[in-house]
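Down below is the structure, laid out as C-alpha cells.
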Amino acid sequence: MLQKRYSNYANNFINNLGHEMASQVNDRYQDKQVERIHVSLSERELLAGSITNLNMYYLMP
C-alpha cells in the first residue's frame with residue numbers, strides 16, 4: 001500500500017509539471033513495477049514555471 005501511495009505521488013508530481021514529454025515518458029512506465037522515481041530539474045525553471053530540461057530515473061527491481 002505504501003508503495004502505491006508513493007507511486008501515485010510521483011506520478012502526480014510529474015504530470016503536474018506541465019512538461020508534455022515527461023508525462024508521455026511517465027505514461028509508458030504505468031504498467032511496469034517501479035520501486036522509485038527520481039526527477040532532476042533546475043529550481044530556477046521550476047520556480048519560473050517553464051521547465052525545458054529535466055531528467056527522470058526509474059528504479060526497477
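Labels used: A, B, ... for chains in the order of the C-alpha cells, numbers from 1 for residues in each chain, and numbers from 1 for ligands as shown.
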
* To do: May I have the residues within 12 Å of A:Met56 as a PyMOL selection string, using only C-alpha atoms and disregarding those fewer than 6 positions away in the same chain?
  => chain A and resi 10-11+13-14+21-26+29+36-41

Just N, CA and C atoms for this one: save the residues we selected as a PDB file, in the first residue's frame.
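Contents of the output file again_36.pdb:
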```pdb
ATOM      1  N   ALA A  10       4.437  10.428  -6.965  1.00  0.00           N
ATOM      2  CA  ALA A  10       5.431  10.704  -8.009  1.00  0.00           C
ATOM      3  C   ALA A  10       4.752  10.948  -9.352  1.00  0.00           C
ATOM      4  N   ASN A  11       3.768  10.134  -9.695  1.00  0.00           N
ATOM      5  CA  ASN A  11       3.056  10.311 -10.960  1.00  0.00           C
ATOM      6  C   ASN A  11       2.349  11.655 -11.006  1.00  0.00           C
ATOM      7  N   PHE A  13       3.164  14.370  -9.344  1.00  0.00           N
ATOM      8  CA  PHE A  13       4.189  15.402  -9.441  1.00  0.00           C
ATOM      9  C   PHE A  13       4.641  15.576 -10.889  1.00  0.00           C
ATOM     10  N   ILE A  14       4.952  14.467 -11.551  1.00  0.00           N
ATOM     11  CA  ILE A  14       5.432  14.530 -12.937  1.00  0.00           C
ATOM     12  C   ILE A  14       4.356  15.093 -13.853  1.00  0.00           C
ATOM     13  N   MET A  21       6.474  16.019 -22.701  1.00  0.00           N
ATOM     14  CA  MET A  21       7.308  14.844 -22.945  1.00  0.00           C
ATOM     15  C   MET A  21       7.506  14.033 -21.669  1.00  0.00           C
ATOM     16  N   ALA A  22       7.679  14.702 -20.523  1.00  0.00           N
ATOM     17  CA  ALA A  22       7.839  13.991 -19.250  1.00  0.00           C
ATOM     18  C   ALA A  22       6.595  13.165 -18.950  1.00  0.00           C
ATOM     19  N   SER A  23       5.426  13.729 -19.197  1.00  0.00           N
ATOM     20  CA  SER A  23       4.182  12.995 -18.964  1.00  0.00           C
ATOM     21  C   SER A  23       4.067  11.794 -19.897  1.00  0.00           C
ATOM     22  N   GLN A  24       4.473  11.960 -21.149  1.00  0.00           N
ATOM     23  CA  GLN A  24       4.411  10.855 -22.108  1.00  0.00           C
ATOM     24  C   GLN A  24       5.358   9.728 -21.713  1.00  0.00           C
ATOM     25  N   VAL A  25       6.567  10.081 -21.294  1.00  0.00           N
ATOM     26  CA  VAL A  25       7.526   9.059 -20.854  1.00  0.00           C
ATOM     27  C   VAL A  25       6.993   8.355 -19.616  1.00  0.00           C
ATOM     28  N   ASN A  26       6.476   9.122 -18.666  1.00  0.00           N
ATOM     29  CA  ASN A  26       5.953   8.547 -17.432  1.00  0.00           C
ATOM     30  C   ASN A  26       4.790   7.592 -17.709  1.00  0.00           C
ATOM     31  N   TYR A  29       5.592   3.922 -18.260  1.00  0.00           N
ATOM     32  CA  TYR A  29       6.004   3.113 -17.110  1.00  0.00           C
ATOM     33  C   TYR A  29       4.835   2.740 -16.193  1.00  0.00           C
ATOM     34  N   ARG A  36      11.031   3.205  -7.435  1.00  0.00           N
ATOM     35  CA  ARG A  36      11.243   4.605  -7.105  1.00  0.00           C
ATOM     36  C   ARG A  36      11.429   5.404  -8.386  1.00  0.00           C
ATOM     37  N   ILE A  37      11.001   6.655  -8.362  1.00  0.00           N
ATOM     38  CA  ILE A  37      11.203   7.558  -9.487  1.00  0.00           C
ATOM     39  C   ILE A  37      11.958   8.777  -8.970  1.00  0.00           C
ATOM     40  N   HIS A  38      13.044   9.117  -9.649  1.00  0.00           N
ATOM     41  CA  HIS A  38      13.807  10.319  -9.307  1.00  0.00           C
ATOM     42  C   HIS A  38      13.656  11.304 -10.456  1.00  0.00           C
ATOM     43  N   VAL A  39      13.323  12.546 -10.114  1.00  0.00           N
ATOM     44  CA  VAL A  39      13.202  13.606 -11.107  1.00  0.00           C
ATOM     45  C   VAL A  39      14.220  14.679 -10.758  1.00  0.00           C
ATOM     46  N   SER A  40      15.019  15.056 -11.729  1.00  0.00           N
ATOM     47  CA  SER A  40      16.045  16.070 -11.532  1.00  0.00           C
ATOM     48  C   SER A  40      15.754  17.239 -12.468  1.00  0.00           C
ATOM     49  N   LEU A  41      15.607  18.437 -11.887  1.00  0.00           N
ATOM     50  CA  LEU A  41      15.345  19.614 -12.703  1.00  0.00           C
ATOM     51  C   LEU A  41      15.875  20.854 -12.004  1.00  0.00           C
TER      52      LEU A  41
END
```

* **Residue neighbourhood stretch 42-52 of chain A, 9 Å, only C-alpha atoms, exclusion window fewer than 3 positions, as a list of chain:residue names** => A:Leu17, A:Gly18, A:His19

Take the residues from that selection and put them in a file with C-alpha atoms, as a PDB file, in the first residue's frame.
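This went into selection.pdb:
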```
ATOM      1  CA  LEU A  17       4.968  19.764 -14.113  1.00  0.00           C
ATOM      2  CA  GLY A  18       3.254  20.727 -17.345  1.00  0.00           C
ATOM      3  CA  HIS A  19       6.030  19.106 -19.393  1.00  0.00           C
TER       4      HIS A  19
END
```

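In the backbone-derived DSSP annotation, alpha helix (DSSP H) within chain A comprises Leu2, Gln3, Lys4, Arg5, Tyr6, Ser7, Asn8, Tyr9, Ala10, Asn11, Asn12, Phe13, Ile14, Asn15, Glu20, Met21, Ala22, Ser23, Gln24, Val25, Asn26, Asp27, Arg28, Glu43, Arg44, Glu45, Leu46, Leu47 and Ala48 of chain A.
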
* In Å, rounded to a single decimal, give me how far atom CA of A:Lys32 is from atom CA of A:Tyr58. => 9.9 Å
